[in-house]
$ cat entry.cif   # mmCIF, C-alpha atoms and all ligand atoms; chains and numbers go by the auth columns
data_my_file
loop_
_atom_site.group_PDB
_atom_site.id
_atom_site.type_symbol
_atom_site.label_atom_id
_atom_site.label_comp_id
_atom_site.label_asym_id
_atom_site.label_seq_id
_atom_site.Cartn_x
_atom_site.Cartn_y
_atom_site.Cartn_z
_atom_site.B_iso_or_equiv
_atom_site.auth_seq_id
_atom_site.auth_asym_id
ATOM 1 C CA MET A 1 148.540 35.734 74.857 0.00 20 A
ATOM 2 C CA SER A 2 150.309 39.070 75.063 0.00 21 A
ATOM 3 C CA ILE A 3 152.357 40.624 72.270 0.00 22 A
ATOM 4 C CA SER A 4 155.543 39.899 74.161 0.00 23 A
ATOM 5 C CA GLU A 5 154.550 36.251 74.693 0.00 24 A
ATOM 6 C CA ASN A 6 153.698 35.928 71.004 0.00 25 A
ATOM 7 C CA ILE A 7 157.137 37.231 70.091 0.00 26 A
ATOM 8 C CA GLN A 8 158.918 34.870 72.474 0.00 27 A
ATOM 9 C CA LYS A 9 156.917 31.959 71.079 0.00 28 A
ATOM 10 C CA MET A 10 157.686 32.906 67.456 0.00 29 A
ATOM 11 C CA LYS A 11 161.379 33.274 68.252 0.00 30 A
ATOM 12 C CA SER A 12 161.492 29.880 69.948 0.00 31 A
ATOM 13 C CA GLU A 13 159.872 28.272 66.882 0.00 32 A
ATOM 14 C CA ILE A 14 162.059 29.689 64.157 0.00 33 A
ATOM 15 C CA PRO A 15 165.502 28.284 63.452 0.00 34 A
ATOM 16 C CA GLU A 16 168.697 30.265 63.856 0.00 35 A
ATOM 17 C CA GLY A 17 169.464 32.181 60.704 0.00 36 A
ATOM 18 C CA VAL A 18 165.842 33.136 60.103 0.00 37 A
ATOM 19 C CA THR A 19 165.109 36.794 60.845 0.00 38 A
ATOM 20 C CA LEU A 20 161.751 37.831 62.256 0.00 39 A
ATOM 21 C CA VAL A 21 160.190 41.006 60.878 0.00 40 A
ATOM 22 C CA ALA A 22 157.285 42.101 63.101 0.00 41 A
ATOM 23 C CA VAL A 23 154.668 43.528 60.740 0.00 42 A
ATOM 24 C CA SER A 24 153.040 46.369 62.673 0.00 43 A
ATOM 25 C CA LYS A 25 150.917 47.945 59.915 0.00 44 A
ATOM 26 C CA THR A 26 147.653 49.479 61.206 0.00 45 A
ATOM 27 C CA LYS A 27 148.759 48.796 64.812 0.00 46 A
ATOM 28 C CA PRO A 28 149.205 51.588 67.378 0.00 47 A
ATOM 29 C CA ILE A 29 152.533 52.850 68.731 0.00 48 A
ATOM 30 C CA SER A 30 151.740 51.238 72.101 0.00 49 A
ATOM 31 C CA ASP A 31 151.695 47.775 70.481 0.00 50 A
ATOM 32 C CA ILE A 32 155.065 48.391 68.848 0.00 51 A
ATOM 33 C CA GLU A 33 156.475 49.554 72.188 0.00 52 A
ATOM 34 C CA LYS A 34 155.368 46.286 73.783 0.00 53 A
ATOM 35 C CA ALA A 35 157.171 44.296 71.097 0.00 54 A
ATOM 36 C CA TYR A 36 160.224 46.573 71.311 0.00 55 A
ATOM 37 C CA ASN A 37 160.400 46.185 75.091 0.00 56 A
ATOM 38 C CA SER A 38 160.491 42.437 74.668 0.00 57 A
ATOM 39 C CA GLY A 39 163.562 42.791 72.441 0.00 58 A
ATOM 40 C CA GLN A 40 162.120 43.002 68.920 0.00 59 A
ATOM 41 C CA LEU A 41 164.017 45.605 66.870 0.00 60 A
ATOM 42 C CA ILE A 42 162.858 44.926 63.301 0.00 61 A
ATOM 43 C CA PHE A 43 159.428 46.149 62.202 0.00 62 A
ATOM 44 C CA GLY A 44 157.694 46.128 58.829 0.00 63 A
ATOM 45 C CA GLU A 45 155.145 48.590 57.488 0.00 64 A
ATOM 46 C CA ASN A 46 153.444 48.761 54.102 0.00 65 A
ATOM 47 C CA LYS A 47 152.450 52.441 53.901 0.00 66 A
ATOM 48 C CA VAL A 48 155.001 55.228 53.606 0.00 67 A
ATOM 49 C CA GLN A 49 153.146 57.776 55.719 0.00 68 A
ATOM 50 C CA GLU A 50 152.584 55.328 58.552 0.00 69 A
ATOM 51 C CA LEU A 51 156.199 54.202 58.371 0.00 70 A
ATOM 52 C CA VAL A 52 157.486 57.786 58.622 0.00 71 A
ATOM 53 C CA GLU A 53 155.167 58.672 61.506 0.00 72 A
ATOM 54 C CA LYS A 54 156.100 55.603 63.506 0.00 73 A
ATOM 55 C CA HIS A 55 159.797 56.118 62.819 0.00 74 A
ATOM 56 C CA ASN A 56 159.510 59.676 64.143 0.00 75 A
ATOM 57 C CA LYS A 57 157.764 58.645 67.343 0.00 76 A
ATOM 58 C CA LEU A 58 159.704 55.517 68.286 0.00 77 A
ATOM 59 C CA PRO A 59 163.287 54.751 69.423 0.00 78 A
ATOM 60 C CA LYS A 60 165.932 55.307 66.784 0.00 79 A
ATOM 61 C CA ASN A 61 167.520 51.889 67.058 0.00 80 A
ATOM 62 C CA ILE A 62 164.455 50.298 65.467 0.00 81 A
ATOM 63 C CA GLN A 63 165.148 48.940 61.976 0.00 82 A
ATOM 64 C CA TRP A 64 162.243 49.829 59.715 0.00 83 A
ATOM 65 C CA HIS A 65 161.439 47.629 56.729 0.00 84 A
ATOM 66 C CA MET A 66 159.181 48.786 53.917 0.00 85 A
ATOM 67 C CA ILE A 67 157.314 45.619 52.951 0.00 86 A
ATOM 68 C CA GLY A 68 154.522 46.921 50.738 0.00 87 A
ATOM 69 C CA HIS A 69 154.300 48.290 47.236 0.00 88 A
ATOM 70 C CA LEU A 70 156.399 51.458 47.044 0.00 89 A
ATOM 71 C CA GLN A 71 155.495 54.299 44.725 0.00 90 A
ATOM 72 C CA THR A 72 158.403 56.092 43.099 0.00 91 A
ATOM 73 C CA ASN A 73 157.275 59.519 44.275 0.00 92 A
ATOM 74 C CA LYS A 74 157.354 58.405 47.913 0.00 93 A
ATOM 75 C CA VAL A 75 160.873 56.977 48.068 0.00 94 A
ATOM 76 C CA LYS A 76 162.258 60.331 49.214 0.00 95 A
ATOM 77 C CA PHE A 77 160.309 60.181 52.482 0.00 96 A
ATOM 78 C CA ILE A 78 161.852 56.916 53.668 0.00 97 A
ATOM 79 C CA ALA A 79 165.286 57.110 52.020 0.00 98 A
ATOM 80 C CA PRO A 80 166.929 58.837 55.034 0.00 99 A
ATOM 81 C CA PHE A 81 166.247 55.993 57.451 0.00 100 A
ATOM 82 C CA VAL A 82 164.708 52.860 55.912 0.00 101 A
ATOM 83 C CA SER A 83 166.687 49.746 56.743 0.00 102 A
ATOM 84 C CA LEU A 84 165.382 47.382 54.036 0.00 103 A
ATOM 85 C CA ILE A 85 162.962 47.804 51.122 0.00 104 A
ATOM 86 C CA HIS A 86 161.364 44.419 50.355 0.00 105 A
ATOM 87 C CA GLY A 87 159.229 45.171 47.333 0.00 106 A
ATOM 88 C CA VAL A 88 161.453 46.514 44.562 0.00 107 A
ATOM 89 C CA ASP A 89 159.470 45.556 41.491 0.00 108 A
ATOM 90 C CA SER A 90 160.628 47.793 38.651 0.00 109 A
ATOM 91 C CA GLU A 91 163.789 49.329 37.270 0.00 110 A
ATOM 92 C CA LYS A 92 162.164 52.743 37.547 0.00 111 A
ATOM 93 C CA LEU A 93 161.876 52.254 41.310 0.00 112 A
ATOM 94 C CA LEU A 94 165.465 51.044 41.487 0.00 113 A
ATOM 95 C CA ILE A 95 166.665 54.197 39.743 0.00 114 A
ATOM 96 C CA GLU A 96 164.731 56.389 42.174 0.00 115 A
ATOM 97 C CA ILE A 97 166.019 54.545 45.259 0.00 116 A
ATOM 98 C CA ASP A 98 169.567 54.920 43.898 0.00 117 A
ATOM 99 C CA LYS A 99 169.047 58.658 43.402 0.00 118 A
ATOM 100 C CA ARG A 100 167.600 59.193 46.887 0.00 119 A
ATOM 101 C CA GLY A 101 170.267 56.985 48.425 0.00 120 A
ATOM 102 C CA LYS A 102 172.912 59.208 46.863 0.00 121 A
ATOM 103 C CA GLN A 103 171.227 62.376 48.144 0.00 122 A
ATOM 104 C CA ASN A 104 171.191 60.921 51.660 0.00 123 A
ATOM 105 C CA ASN A 105 174.721 59.599 51.425 0.00 124 A
ATOM 106 C CA ARG A 106 173.447 56.064 52.002 0.00 125 A
ATOM 107 C CA ILE A 107 173.565 52.709 50.309 0.00 126 A
ATOM 108 C CA ILE A 108 170.037 51.355 50.709 0.00 127 A
ATOM 109 C CA ASP A 109 169.523 47.611 51.133 0.00 128 A
ATOM 110 C CA CYS A 110 166.722 46.243 48.944 0.00 129 A
ATOM 111 C CA LEU A 111 165.116 42.985 47.866 0.00 130 A
ATOM 112 C CA LEU A 112 163.772 42.321 44.386 0.00 131 A
ATOM 113 C CA GLN A 113 160.166 41.182 44.523 0.00 132 A
ATOM 114 C CA VAL A 114 159.486 38.141 42.395 0.00 133 A
ATOM 115 C CA HIS A 115 156.061 37.198 41.137 0.00 134 A
ATOM 116 C CA ILE A 116 155.657 33.543 42.129 0.00 135 A
ATOM 117 C CA THR A 117 151.914 32.827 41.954 0.00 136 A
ATOM 118 C CA ARG A 118 150.226 31.236 38.968 0.00 137 A
ATOM 119 C CA GLU A 119 147.782 34.065 38.565 0.00 138 A
ATOM 120 C CA SER A 120 148.913 37.285 36.949 0.00 139 A
ATOM 121 C CA ALA A 121 150.086 39.526 39.756 0.00 140 A
ATOM 122 C CA LYS A 122 150.115 43.274 39.961 0.00 141 A
ATOM 123 C CA PHE A 123 153.630 43.513 41.324 0.00 142 A
ATOM 124 C CA GLY A 124 156.950 41.746 41.003 0.00 143 A
ATOM 125 C CA PHE A 125 159.481 40.671 38.408 0.00 144 A
ATOM 126 C CA SER A 126 159.116 37.387 36.544 0.00 145 A
ATOM 127 C CA SER A 127 162.024 34.944 36.831 0.00 146 A
ATOM 128 C CA GLU A 128 163.042 35.967 33.291 0.00 147 A
ATOM 129 C CA GLU A 129 163.101 39.621 34.246 0.00 148 A
ATOM 130 C CA ILE A 130 165.227 38.839 37.294 0.00 149 A
ATOM 131 C CA LYS A 131 167.787 37.244 34.988 0.00 150 A
ATOM 132 C CA ASP A 132 167.845 40.387 32.856 0.00 151 A
ATOM 133 C CA ILE A 133 168.108 42.857 35.700 0.00 152 A
ATOM 134 C CA ILE A 134 170.847 41.196 37.773 0.00 153 A
ATOM 135 C CA PRO A 135 173.711 42.263 35.469 0.00 154 A
ATOM 136 C CA LYS A 136 172.489 45.868 35.551 0.00 155 A
ATOM 137 C CA LEU A 137 172.490 46.151 39.340 0.00 156 A
ATOM 138 C CA GLU A 138 176.147 47.067 39.583 0.00 157 A
ATOM 139 C CA SER A 139 175.496 50.464 38.029 0.00 158 A
ATOM 140 C CA TYR A 140 173.231 51.474 40.911 0.00 159 A
ATOM 141 C CA LYS A 141 175.896 52.421 43.423 0.00 160 A
ATOM 142 C CA ASN A 142 173.546 53.535 46.189 0.00 161 A
ATOM 143 C CA VAL A 143 171.359 50.445 46.086 0.00 162 A
ATOM 144 C CA ASN A 144 172.459 47.128 47.514 0.00 163 A
ATOM 145 C CA ILE A 145 170.303 44.210 46.368 0.00 164 A
ATOM 146 C CA ILE A 146 170.791 41.676 49.154 0.00 165 A
ATOM 147 C CA GLY A 147 168.115 39.203 48.116 0.00 166 A
ATOM 148 C CA LEU A 148 164.620 38.337 46.936 0.00 167 A
ATOM 149 C CA MET A 149 161.089 38.597 48.293 0.00 168 A
ATOM 150 C CA GLY A 150 157.914 36.808 47.284 0.00 169 A
ATOM 151 C CA MET A 151 154.369 36.133 48.381 0.00 170 A
ATOM 152 C CA ALA A 152 152.600 32.838 47.843 0.00 171 A
ATOM 153 C CA THR A 153 148.983 32.538 46.779 0.00 172 A
ATOM 154 C CA PHE A 154 146.524 33.064 49.644 0.00 173 A
ATOM 155 C CA THR A 155 145.219 29.505 49.769 0.00 174 A
ATOM 156 C CA LYS A 156 144.853 26.526 52.076 0.00 175 A
ATOM 157 C CA ASN A 157 146.495 24.355 49.437 0.00 176 A
ATOM 158 C CA GLU A 158 149.864 23.685 51.062 0.00 177 A
ATOM 159 C CA ILE A 159 151.210 21.847 48.034 0.00 178 A
ATOM 160 C CA GLN A 160 150.679 24.921 45.909 0.00 179 A
ATOM 161 C CA ILE A 161 152.290 27.198 48.513 0.00 180 A
ATOM 162 C CA LYS A 162 155.240 24.838 48.689 0.00 181 A
ATOM 163 C CA GLU A 163 155.614 24.866 44.905 0.00 182 A
ATOM 164 C CA GLU A 164 155.616 28.639 44.814 0.00 183 A
ATOM 165 C CA PHE A 165 158.146 29.041 47.632 0.00 184 A
ATOM 166 C CA SER A 166 160.387 26.334 46.158 0.00 185 A
ATOM 167 C CA PHE A 167 160.329 28.123 42.829 0.00 186 A
ATOM 168 C CA LEU A 168 161.535 31.336 44.511 0.00 187 A
ATOM 169 C CA SER A 169 164.089 29.490 46.595 0.00 188 A
ATOM 170 C CA ASP A 170 165.578 27.933 43.442 0.00 189 A
ATOM 171 C CA ILE A 171 166.055 31.365 41.875 0.00 190 A
ATOM 172 C CA TYR A 172 167.587 32.663 45.112 0.00 191 A
ATOM 173 C CA LYS A 173 170.087 29.804 45.305 0.00 192 A
ATOM 174 C CA LYS A 174 171.423 30.691 41.856 0.00 193 A
ATOM 175 C CA HIS A 175 172.619 34.049 43.171 0.00 194 A
ATOM 176 C CA LYS A 176 175.402 33.314 45.615 0.00 195 A
ATOM 177 C CA GLN A 177 176.015 37.020 46.268 0.00 196 A
ATOM 178 C CA MET A 178 172.581 37.276 47.906 0.00 197 A
ATOM 179 C CA ASN A 179 171.984 36.530 51.591 0.00 198 A
ATOM 180 C CA THR A 180 168.296 37.282 52.221 0.00 199 A
ATOM 181 C CA LEU A 181 165.210 35.394 51.090 0.00 200 A
ATOM 182 C CA SER A 182 162.097 37.111 52.432 0.00 201 A
ATOM 183 C CA MET A 183 159.168 34.736 52.285 0.00 202 A
ATOM 184 C CA GLY A 184 156.545 33.592 54.754 0.00 203 A
ATOM 185 C CA MET A 185 153.718 35.336 56.626 0.00 204 A
ATOM 186 C CA SER A 186 151.520 34.230 59.547 0.00 205 A
ATOM 187 C CA GLY A 187 149.650 31.657 57.490 0.00 206 A
ATOM 188 C CA ASP A 188 152.555 30.083 55.640 0.00 207 A
ATOM 189 C CA TYR A 189 155.844 30.799 57.429 0.00 208 A
ATOM 190 C CA LYS A 190 156.441 27.170 58.402 0.00 209 A
ATOM 191 C CA ILE A 191 156.297 26.065 54.776 0.00 210 A
ATOM 192 C CA ALA A 192 158.463 29.053 53.818 0.00 211 A
ATOM 193 C CA ILE A 193 161.140 28.087 56.338 0.00 212 A
ATOM 194 C CA ASP A 194 161.083 24.488 55.083 0.00 213 A
ATOM 195 C CA CYS A 195 161.682 25.903 51.611 0.00 214 A
ATOM 196 C CA GLY A 196 164.711 27.942 52.710 0.00 215 A
ATOM 197 C CA SER A 197 163.366 31.297 53.831 0.00 216 A
ATOM 198 C CA THR A 198 165.832 33.458 55.792 0.00 217 A
ATOM 199 C CA MET A 199 163.369 36.222 56.711 0.00 218 A
ATOM 200 C CA ILE A 200 159.717 35.930 57.681 0.00 219 A
ATOM 201 C CA ARG A 201 157.230 38.800 57.883 0.00 220 A
ATOM 202 C CA ILE A 202 154.749 38.157 60.693 0.00 221 A
ATOM 203 C CA GLY A 203 151.833 40.429 61.550 0.00 222 A
ATOM 204 C CA SER A 204 148.660 38.879 62.934 0.00 223 A
ATOM 205 C CA THR A 205 150.353 36.039 64.826 0.00 224 A
ATOM 206 C CA ILE A 206 152.181 38.685 66.893 0.00 225 A
ATOM 207 C CA PHE A 207 149.756 41.605 67.049 0.00 226 A
ATOM 208 C CA GLY A 208 146.388 39.914 66.506 0.00 227 A
ATOM 209 C CA ASN A 209 144.016 40.408 63.606 0.00 228 A
ATOM 210 C CA ARG A 210 143.912 43.757 61.877 0.00 229 A
ATOM 211 C CA ASN A 211 140.713 45.806 61.689 0.00 230 A
ATOM 212 C CA TYR A 212 140.988 47.830 58.522 0.00 231 A
HETATM 213 C C1 LIG B . 150.596 42.334 55.985 0.00 301 B
HETATM 214 C C2 LIG B . 151.790 41.709 55.378 0.00 301 B
HETATM 215 C C3 LIG B . 152.471 40.664 56.041 0.00 301 B
HETATM 216 C C4 LIG B . 152.031 40.059 57.361 0.00 301 B
HETATM 217 O O1 LIG B . 150.834 39.388 57.234 0.00 301 B
HETATM 218 P P1 LIG B . 150.243 38.448 58.405 0.00 301 B
HETATM 219 O O2 LIG B . 149.407 37.469 57.677 0.00 301 B
HETATM 220 O O3 LIG B . 149.445 39.326 59.291 0.00 301 B
HETATM 221 O O4 LIG B . 151.389 37.826 59.105 0.00 301 B
HETATM 222 C C5 LIG B . 153.603 40.151 55.425 0.00 301 B
HETATM 223 N N1 LIG B . 154.053 40.631 54.250 0.00 301 B
HETATM 224 C C6 LIG B . 153.436 41.626 53.596 0.00 301 B
HETATM 225 C C7 LIG B . 153.982 42.096 52.299 0.00 301 B
HETATM 226 C C8 LIG B . 152.278 42.199 54.137 0.00 301 B
HETATM 227 O O5 LIG B . 151.662 43.191 53.461 0.00 301 B
#

$ encode --input "entry.cif" --output "structure tokens" --more "lines below"
Ligand SMILES: *Cc1c(COP(=O)(O)O)cnc(C)c1O
Amino acid sequence: MSISENIQKMKSEIPEGVTLVAVSKTKPISDIEKAYNSGQLIFGENKVQELVEKHNKLPKNIQWHMIGHLQTNKVKFIAPFVSLIHGVDSEKLLIEIDKRGKQNNRIIDCLLQVHITRESAKFGFSSEEIKDIIPKLESYKNVNIIGLMGMATFTKNEIQIKEEFSFLSDIYKKHKQMNTLSMGMSGDYKIAIDCGSTMIRIGSTIFGNRNY
């Protein structure tokens, strides 16, 4: 199936109220153009340099989401245009995004990444840390935390995936001011939607497998 057919199929499968982020990392501009021409306007990338290059080359009404781990020293490159940063995982990063938001006269939408797998993860706040950081968010005037993001364990065990997504969904529901719960990828988006996801990040199901 073509990229445009894949997008139409995805859109017909997902309920209203769930936003589709087309994850175009490693894929060429021509693939993104195909998706764009079929009406997809939201794209996700996980590397700053690739995100900036693609933003420069493609139509300006595309909404670019940074979905990967973001290093503090690279925030300045995406701050002028990024539409949503999914992986905010430290207060240090929050402070930097706030600073660069101010410099660009923008309020930058962000999601706090929560660590939801059983194993120790490299990135993400624990549920305890989320509790601690929420009251501090008000002081960052150029950051708008609109929700949470999480990644389930890469496993075939659907019960485990469901447990992890439900755990994140429960935290999300406690914060009525939030409106975005980013969870679900090609392999687990159906479970994520069942657990209350409002935003899924889909790469290979749209663009095919990636050759790194
Ligand atoms: C690559 C990536 C995705 C998309 O993965 P697929 O399995 O190809 O759908 C989603 N979220 C993040 C954070 C990613 O890095």

$ residues_around --input "entry.cif" --residues "Ser146 in chain A" --least-positions-apart "3" --cutoff "10 Å" --atoms "all atoms listed in the file" --output "PyMOL selection string"
chain A and resi 133-135+143+149-151+186-187+190

$ closest_atom_pairs --input "entry.cif" --of "chain A" --to "ligand LIG 301 (chain B)" --cutoff "10 Å" --atoms "all atoms listed in the file" --output "CSV"
residue,atom,partner,partner_atom,distance
A:Val40,CA,B:LIG301,C5,8.6
A:Ala41,CA,B:LIG301,C4,8.0
A:Val42,CA,B:LIG301,C4,5.5
A:Ser43,CA,B:LIG301,C1,8.2
A:Lys44,CA,B:LIG301,C1,6.9
A:Thr45,CA,B:LIG301,C1,9.3
A:Gly63,CA,B:LIG301,C5,8.0
A:Glu64,CA,B:LIG301,O5,7.6
A:Asn65,CA,B:LIG301,O5,5.9
A:Lys66,CA,B:LIG301,O5,9.3
A:Met85,CA,B:LIG301,C7,8.6
A:Ile86,CA,B:LIG301,C7,4.9
A:Gly87,CA,B:LIG301,C7,5.1
A:His88,CA,B:LIG301,C7,8.0
A:His105,CA,B:LIG301,C7,8.0
A:Gly106,CA,B:LIG301,C7,7.9
A:Gln132,CA,B:LIG301,C7,10.0
A:Met168,CA,B:LIG301,C7,8.9
A:Gly169,CA,B:LIG301,C7,8.3
A:Met170,CA,B:LIG301,C7,7.1
A:Phe173,CA,B:LIG301,O2,9.6
A:Ser201,CA,B:LIG301,N1,9.0
A:Met202,CA,B:LIG301,N1,8.0
A:Gly203,CA,B:LIG301,C5,7.2
A:Met204,CA,B:LIG301,O4,4.2
A:Ser205,CA,B:LIG301,O4,3.6
A:Gly206,CA,B:LIG301,O2,5.8
A:Asp207,CA,B:LIG301,O2,8.3
A:Tyr208,CA,B:LIG301,O4,8.5
A:Ile219,CA,B:LIG301,C5,7.8
A:Arg220,CA,B:LIG301,C5,4.6
A:Ile221,CA,B:LIG301,O4,3.7
A:Gly222,CA,B:LIG301,O3,3.5
A:Ser223,CA,B:LIG301,O3,3.8
A:Thr224,CA,B:LIG301,O4,6.1
A:Ile225,CA,B:LIG301,O4,7.9
A:Phe226,CA,B:LIG301,O3,8.1
A:Gly227,CA,B:LIG301,O3,7.9
A:Asn228,CA,B:LIG301,O3,7.0
A:Arg229,CA,B:LIG301,O3,7.5

$ residues_near_point --input "entry.cif" --point "(158.0, 56.4, 43.6)" --cutoff "12 Å" --atoms "all atoms listed in the file" --output "number ranges by chain"
A: 67, 88-98, 106-119

$ closest_residue --input "entry.cif" --among "A:Asp213, A:Glu147, A:Glu32, A:Glu72" --to "Lys181 in chain A" --atoms "only C-alpha atoms"
A:Asp213

$ closest_residue --input "entry.cif" --among "A:Glu148, A:Val162, A:Ser23, A:Ala211" --to "Ile178 in chain A" --atoms "all atoms listed in the file"
A:Ala211

$ atom_distance --input "entry.cif" --atom1 "CA of Thr174 in chain A" --atom2 "CA of Ile22 in chain A"
26.1 Å

$ resolve_selection --input "entry.cif" --expression "the PyMOL selection byres (((chain A and resi 123-130) around 6) and not hetatm)" --output "number ranges by chain"
A: 99, 103-105, 120-122, 131, 161-168

$ residues_around --input "entry.cif" --residues "Gly58 in chain A" --least-positions-apart "4" --cutoff "10 Å" --atoms "all atoms listed in the file" --output "ChimeraX atom specification"
/A:23,26-27,52-54

$ closest_residue --input "entry.cif" --among "A:Lys46, A:Ser57, A:Met197, A:Leu39" --to "Gln82 in chain A" --atoms "all atoms listed in the file"
A:Leu39

$ atom_distance --input "entry.cif" --atom1 "CA of Lys192 in chain A" --atom2 "CA of Met218 in chain A"
14.7 Å

$ closest_residue --input "entry.cif" --among "A:Val37, A:Lys30, A:Phe142, A:Met20" --to "Leu200 in chain A" --atoms "only C-alpha atoms"
A:Val37

$ residues_around --input "entry.cif" --residues "Lys76 in chain A" --least-positions-apart "2" --cutoff "12 Å" --atoms "only C-alpha atoms" --output "VMD selection string"
chain A and resid 47 to 49 51 to 52 69 to 74 78 to 81

$ closest_residue --input "entry.cif" --among "A:Tyr191, A:Trp83, A:Phe184, A:Phe62" --to "Ile153 in chain A" --atoms "only C-alpha atoms"
A:Tyr191

$ atom_distance --input "entry.cif" --atom1 "CA of Glu35 in chain A" --atom2 "CA of Thr199 in chain A"
13.6 Å

$ residues_near_point --input "entry.cif" --point "(146.2, 34.9, 45.8)" --cutoff "10 Å" --atoms "all atoms listed in the file" --output "list of chain:residue names"
A:Thr136, A:Arg137, A:Glu138, A:Ser139, A:Ala140, A:Met170, A:Ala171, A:Thr172, A:Phe173, A:Thr174

$ closest_residue --input "entry.cif" --among "A:Asn75, A:Ser21, A:Ser102, A:Gln59" --to "Thr38 in chain A" --atoms "all atoms listed in the file"
A:Gln59
